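Here is the structure we will look at, set down as structure tokens.
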Amino acid sequence: MPDQKLDNLLNLAMDATEEEREKSRNLNVGYDEQTRMWEIIVKYSEVGSAGAETAGEIRSGGADNIGNARNGEQGRKTDGALEGELGDSAKALLGGPGISVVSLLGGYAIVTLPENILDEYSRRPQIEFIEKPTRLYFEDLFSKEASCITQVQRDEPGNLQLSGRGVLIGIVDSGVDYRHPAFLTADGKSRILRLWDQSIQGNPPDGYATGTEYTNEEINEALSLPVQEGRRLVPSEDVSGHGTAVLGVAAGSDFSPGAVNRGVAYESDLLVVKMGISRQDSFPRTTELMQGVDYLVRQALRLGRPIAINLSFGNNYGSHRGDSLVETYLDSVSSMGKNVICVGMGNNGSDALHYGGKLSTGETQEIELGVGAFEPTLNVQLWKDYEDEMEIYLESPAGERVGPLDETLGAQRWQAGNTELLIYYGKPAPYHVTQEIYVDFLVRDGEVETQENKSRNNYSNNLYVALCGKFCSNSVVGSRGDALIRAKSPTNCDSYFAESIFEVCEREKERKENKDRKYLRTQEYGYVDSGVWKIILVARNIKSGEYFLWLPGGKTLNPGTAFYLPRPQGTLTIPATARRVISVGAYDARQNTYADFSGRGSRALPYQKPDLVAPGVNIIAPRSGEGYAAFTGTSFSTPFVTGAAALLMEWGITRQNDPYLYGEKLKAYLRRGAKPLPGIENLPNDLTGWGALCVESSLPD
């Protein structure tokens, strides 16, 4: 019997065979095949434990220590003694032989444990729910003028002269090129107070189990040495360049005449978390993101300072209603200390990755899903209201129909053509009322790819190797990135997805470092049947009737794999779906038009998203290695808002105009100051939320 304390994907992974998990893109995320250990997200309660009162007070925001930390009075005490009490309490509750526990704020933890004790572990009474991690994907002077930023930055008599001074800016991203002048003071010292590189094992921060933490003193010592010697002292790098560009937009320095490349909050102190614990798959996980945010909030509490946090990553897995543990964690931690968390809406707005509809009793609807050639695996999520009863069938391109699917817990296996359908028909969980039907399309056992397919795969791999080897070391961006995307996928080139190059190069780097990895699993297993698949819904007893489907994002699917009649509404990525974060879309500031790649809100959410949009097309930002380049995507619109939040907190908290200008209040100020784009009315809406960022108008009179 599946364990209802586990989320659907983890239940399915536990039921699946090793070969099925290896074929799937999703099921092995969080699992280490060598050690047979799982990394999981745990929501737990501390009722009856010695630390219950403290932890409960923190979650409710009522503890004196947290209140003082918010006022900047006792932040060091909060993060020291109180943090130790919470960590010890969580380890006592959740730990044990062979079990590693990283305690997060708000009753959450990241736990690593042997697979063979997971069932027994979940029966502990203090454990409320468990989720497996999922992968995350990467989501200028004129732009600052358009966002009314330079108007409040100008160093002229009578102007506000806001620069982010006294406010922290933190990112959880691909790292940072700490040698870039954008992150140095005028005398060449680093503005980075702490850099936690999760990928370099050795000296993790207190309370965490992985990576190495570098201090401002260590970074400055590395800067004083010749480059190679400095790299040996602080070897952290930003291979993709994504984090360097993001941080530069939010807070980059520029001491050249005119300061045209200066970021928004250019005098803020910086905290950086680099995700990317070394493993077989190269994409970061939600567990790393949660630990990174936890670290940043704790650092801000320790220093007694406000912080604006930037998250420019996301994924498509989940109901998109703000009810996964990642989303509820971000909502919880948003109420701790004086912080604001800004999250990108993702770049799926013009991709055919989402579909939705509404059924009436007795109605039948067919959803057509095109599967492109040479697709090794894919998955589809169908989310519906539990009270709606319907029969679900799937039909292969050859017309072979399977179903109706059984509405019972546990793995289901169907076969159609050369494809195995591994299915989990879930039920509501303690944190959501919706019902998920998850379908993994896998190649059937014994299928062998043809020599033609092998040749195509080898050609594709050689293209990755040649181009990534040529460009990645230079942190390719802008036109170079577009060139590589065109070379790789000439039929599906989206120039505004320049950041996709980062994912390509990250995968190639990881492949070289892990030669035993099955990088080309398709050579071993073959391909899913290509053509038009149908998902057939037959309504029986309907009360709401709404349903939603998502394909994976992150440019992981081949051209041609898409819904034939996609719906742009609901294309925002998780965790932009969390209620208390500021969710940021993108627009083209030069054309003053909405950027159609920007993820859009959904009527399924009980609250409006996005909150606002910011410039996200051809943004000039620091390039890892040297110089500056153009970047496009919501990854680069989000740090405009992160920097803007720092400016507002400087005006309110640092300058003591409004000591409560953070969190939801700051979000409300940004919404009120946002300006409508031409031709887009009826604010708020699913495209631009309350409008385009305008810092000057967001400050009270």
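We label chains A, B, ... in the order they appear in the structure tokens, count residues from 1 in each chain, and number ligands from 1 in the order shown.
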Listing only residues of range 339-362 of chain A within 7 Å of range 543-565 of chain A, what is the closest atom pair and its distance in Å (to one decimal) for each, using only C-alpha atoms, sorted by chain and residue number ascending, as JSON lines?
{"residue": "A:Ala352", "atom": "CA", "partner": "A:Ala562", "partner_atom": "CA", "distance": 5.1}
{"residue": "A:Leu353", "atom": "CA", "partner": "A:Leu551", "partner_atom": "CA", "distance": 4.9}
{"residue": "A:His354", "atom": "CA", "partner": "A:Trp550", "partner_atom": "CA", "distance": 4.6}
{"residue": "A:Tyr355", "atom": "CA", "partner": "A:Leu549", "partner_atom": "CA", "distance": 5.1}
{"residue": "A:Gly356", "atom": "CA", "partner": "A:Phe548", "partner_atom": "CA", "distance": 4.3}
{"residue": "A:Gly357", "atom": "CA", "partner": "A:Tyr547", "partner_atom": "CA", "distance": 5.6}
{"residue": "A:Lys358", "atom": "CA", "partner": "A:Glu546", "partner_atom": "CA", "distance": 4.3}
{"residue": "A:Leu359", "atom": "CA", "partner": "A:Gly545", "partner_atom": "CA", "distance": 4.5}
{"residue": "A:Ser360", "atom": "CA", "partner": "A:Gly545", "partner_atom": "CA", "distance": 6.1}
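Each of A:Ala578, A:Glu115, A:Asp596, A:Pro376 was checked against Tyr329 in chain A using only C-alpha atoms; the smallest atom-to-atom distance is that of A:Ala578.
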| Near-Thr134 in chain A list (10 Å; only C-alpha atoms; drop same-chain fewer than 4 positions) as an NGL selection string | :A and (9 or 25-30 or 40 or 283-287 or 314-318 or 326)
| query | Which distance in Å separates CA of Thr688 in chain A and CA of Ser332 in chain A, to one decimal? | reply | 25.5 Å
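Contact shell of Leu311 in chain A at 8 Å (only C-alpha atoms; same-chain neighbours under 3 positions omitted): Ile171, Val172, Asp173, Ile341, Cys342, Val343, Gly344 and Thr638 of chain A.
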| Spatial neighbours of Thr573 in chain A, max dist 9 Å, only C-alpha atoms, sep filter under 2 positions, as a PyMOL selection string | chain A and resi 139+313-317+320+344-348+553+570-571+575-577+599-600
Export of prior selection with N, CA and C atoms as a JSON list (two decimals), in the first residue's frame:
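Output file again11.json follows:
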[["chain", "number", "residue", "atom", "x", "y", "z"],
["A", 139, "GLU", "N", 15.69, 29.79, -15.61],
["A", 139, "GLU", "CA", 14.58, 30.60, -15.93],
["A", 139, "GLU", "C", 15.35, 31.97, -16.66],
["A", 313, "PHE", "N", 15.26, 30.70, -10.86],
["A", 313, "PHE", "CA", 15.13, 29.30, -11.29],
["A", 313, "PHE", "C", 13.68, 28.88, -11.10],
["A", 314, "GLY", "N", 13.27, 27.82, -11.81],
["A", 314, "GLY", "CA", 11.94, 27.29, -11.61],
["A", 314, "GLY", "C", 11.76, 25.98, -12.35],
["A", 315, "ASN", "N", 10.60, 25.36, -12.17],
["A", 315, "ASN", "CA", 10.27, 24.14, -12.91],
["A", 315, "ASN", "C", 8.76, 24.02, -13.06],
["A", 316, "ASN", "N", 8.33, 23.00, -13.77],
["A", 316, "ASN", "CA", 6.91, 22.84, -14.09],
["A", 316, "ASN", "C", 6.23, 21.78, -13.24],
["A", 317, "TYR", "N", 6.95, 21.09, -12.36],
["A", 317, "TYR", "CA", 6.30, 19.98, -11.66],
["A", 317, "TYR", "C", 5.51, 20.48, -10.46],
["A", 320, "HIS", "N", 0.77, 23.95, -9.38],
["A", 320, "HIS", "CA", 0.82, 25.40, -9.66],
["A", 320, "HIS", "C", -0.20, 26.16, -8.83],
["A", 344, "GLY", "N", 11.31, 34.68, -10.51],
["A", 344, "GLY", "CA", 10.95, 34.83, -11.91],
["A", 344, "GLY", "C", 9.79, 33.93, -12.30],
["A", 345, "MET", "N", 8.97, 34.43, -13.23],
["A", 345, "MET", "CA", 7.80, 33.69, -13.71],
["A", 345, "MET", "C", 8.17, 32.60, -14.71],
["A", 346, "GLY", "N", 9.42, 32.54, -15.14],
["A", 346, "GLY", "CA", 9.82, 31.52, -16.10],
["A", 346, "GLY", "C", 9.60, 31.97, -17.53],
["A", 347, "ASN", "N", 10.12, 31.18, -18.47],
["A", 347, "ASN", "CA", 10.13, 31.54, -19.88],
["A", 347, "ASN", "C", 9.29, 30.61, -20.75],
["A", 348, "ASN", "N", 8.20, 30.09, -20.20],
["A", 348, "ASN", "CA", 7.38, 29.12, -20.93],
["A", 348, "ASN", "C", 6.16, 29.74, -21.58],
["A", 553, "GLY", "N", 9.48, 21.64, -18.35],
["A", 553, "GLY", "CA", 10.09, 22.83, -18.94],
["A", 553, "GLY", "C", 11.59, 22.68, -19.02],
["A", 570, "GLY", "N", -1.30, 30.15, -17.22],
["A", 570, "GLY", "CA", -0.83, 29.06, -16.37],
["A", 570, "GLY", "C", 0.55, 28.56, -16.72],
["A", 571, "THR", "N", 1.31, 29.32, -17.52],
["A", 571, "THR", "CA", 2.65, 28.87, -17.91],
["A", 571, "THR", "C", 3.73, 29.38, -16.96],
["A", 575, "PRO", "N", 8.91, 28.14, -8.22],
["A", 575, "PRO", "CA", 8.04, 28.59, -7.13],
["A", 575, "PRO", "C", 7.48, 30.00, -7.27],
["A", 576, "ALA", "N", 7.33, 30.55, -8.49],
["A", 576, "ALA", "CA", 6.68, 31.84, -8.63],
["A", 576, "ALA", "C", 5.22, 31.76, -8.18],
["A", 577, "THR", "N", 4.73, 30.55, -8.00],
["A", 577, "THR", "CA", 3.37, 30.29, -7.57],
["A", 577, "THR", "C", 3.17, 30.45, -6.06],
["A", 599, "GLY", "N", 6.31, 33.80, -18.55],
["A", 599, "GLY", "CA", 5.26, 32.94, -18.02],
["A", 599, "GLY", "C", 4.06, 33.75, -17.55],
["A", 600, "ARG", "N", 2.88, 33.18, -17.69],
["A", 600, "ARG", "CA", 1.65, 33.91, -17.36],
["A", 600, "ARG", "C", 0.95, 33.27, -16.17]]
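Using only C-alpha atoms, the smallest distance between any of A:Pro622, A:Ala630, A:Glu327, A:Gly211 and His432 in chain A comes from A:Glu327.
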| field | Coordinates-based distance that separates CA of Gly417 in chain A from CA of Ala398 in chain A (Å, one decimal) | value | 7.4 Å
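Nearest to Ala92 in chain A of all the residues A:Ser334, A:Ser163, A:Ser256, A:Gln126 is A:Gln126, based on only C-alpha atoms.
Distance annotation: of A:Tyr431, A:Ala646, A:Tyr669, A:Leu687, the residue with the minimal separation from Pro610 in chain A is A:Leu687; atom set is only C-alpha atoms.
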| Which of range 631-660 of chain A counts as helix (DSSP H, G or I) under DSSP, as a PyMOL selection string please? | chain A and resi 634-654
Those same residues, written as a short mmCIF file (atom, residue, chain, number, x, y, z; two decimals), in the first residue's frame with N, CA and C atoms?
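So part-v8.cif came out as:
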data_model
loop_
_atom_site.label_atom_id
_atom_site.label_comp_id
_atom_site.auth_asym_id
_atom_site.auth_seq_id
_atom_site.Cartn_x
_atom_site.Cartn_y
_atom_site.Cartn_z
N THR A 634 13.17 36.02 -18.01
CA THR A 634 12.70 36.48 -16.70
C THR A 634 13.77 36.30 -15.63
N SER A 635 14.78 35.49 -15.91
CA SER A 635 15.93 35.42 -15.01
C SER A 635 16.56 36.79 -14.80
N PHE A 636 16.42 37.67 -15.80
CA PHE A 636 17.10 38.96 -15.76
C PHE A 636 16.13 40.12 -15.53
N SER A 637 14.83 39.86 -15.62
CA SER A 637 13.87 40.88 -15.17
C SER A 637 13.71 40.82 -13.66
N THR A 638 13.80 39.64 -13.09
CA THR A 638 13.60 39.49 -11.64
C THR A 638 14.59 40.30 -10.82
N PRO A 639 15.90 40.31 -11.14
CA PRO A 639 16.82 41.10 -10.30
C PRO A 639 16.59 42.60 -10.37
N PHE A 640 15.90 43.11 -11.39
CA PHE A 640 15.50 44.51 -11.35
C PHE A 640 14.59 44.76 -10.15
N VAL A 641 13.66 43.85 -9.92
CA VAL A 641 12.73 44.01 -8.80
C VAL A 641 13.44 43.74 -7.48
N THR A 642 14.35 42.76 -7.46
CA THR A 642 15.13 42.51 -6.25
C THR A 642 15.92 43.75 -5.85
N GLY A 643 16.59 44.37 -6.81
CA GLY A 643 17.32 45.59 -6.52
C GLY A 643 16.39 46.72 -6.11
N ALA A 644 15.24 46.82 -6.77
CA ALA A 644 14.26 47.86 -6.42
C ALA A 644 13.78 47.67 -4.98
N ALA A 645 13.56 46.41 -4.58
CA ALA A 645 13.15 46.13 -3.21
C ALA A 645 14.21 46.61 -2.22
N ALA A 646 15.48 46.42 -2.57
CA ALA A 646 16.57 46.89 -1.70
C ALA A 646 16.55 48.41 -1.58
N LEU A 647 16.26 49.10 -2.67
CA LEU A 647 16.18 50.57 -2.61
C LEU A 647 15.04 51.02 -1.70
N LEU A 648 13.90 50.36 -1.81
CA LEU A 648 12.77 50.72 -0.95
C LEU A 648 13.08 50.44 0.52
N MET A 649 13.77 49.31 0.78
CA MET A 649 14.12 49.00 2.16
C MET A 649 15.17 49.97 2.70
N GLU A 650 16.06 50.43 1.83
CA GLU A 650 17.00 51.46 2.27
C GLU A 650 16.25 52.73 2.68
N TRP A 651 15.31 53.16 1.83
CA TRP A 651 14.53 54.36 2.14
C TRP A 651 13.72 54.18 3.42
N GLY A 652 13.10 53.00 3.56
CA GLY A 652 12.22 52.80 4.70
C GLY A 652 12.94 52.41 5.98
N ILE A 653 13.82 51.40 5.91
CA ILE A 653 14.41 50.82 7.12
C ILE A 653 15.73 51.51 7.47
N THR A 654 16.66 51.55 6.51
CA THR A 654 17.98 52.13 6.80
C THR A 654 17.86 53.62 7.14
#
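The spacing separating CA of Glu229 in chain A from CA of Gln198 in chain A amounts to 21.3 Å.
Using only C-alpha atoms, the smallest distance between any of A:Ser147, A:Ser24, A:Ser312, A:Ser236 and Arg444 in chain A comes from A:Ser24.
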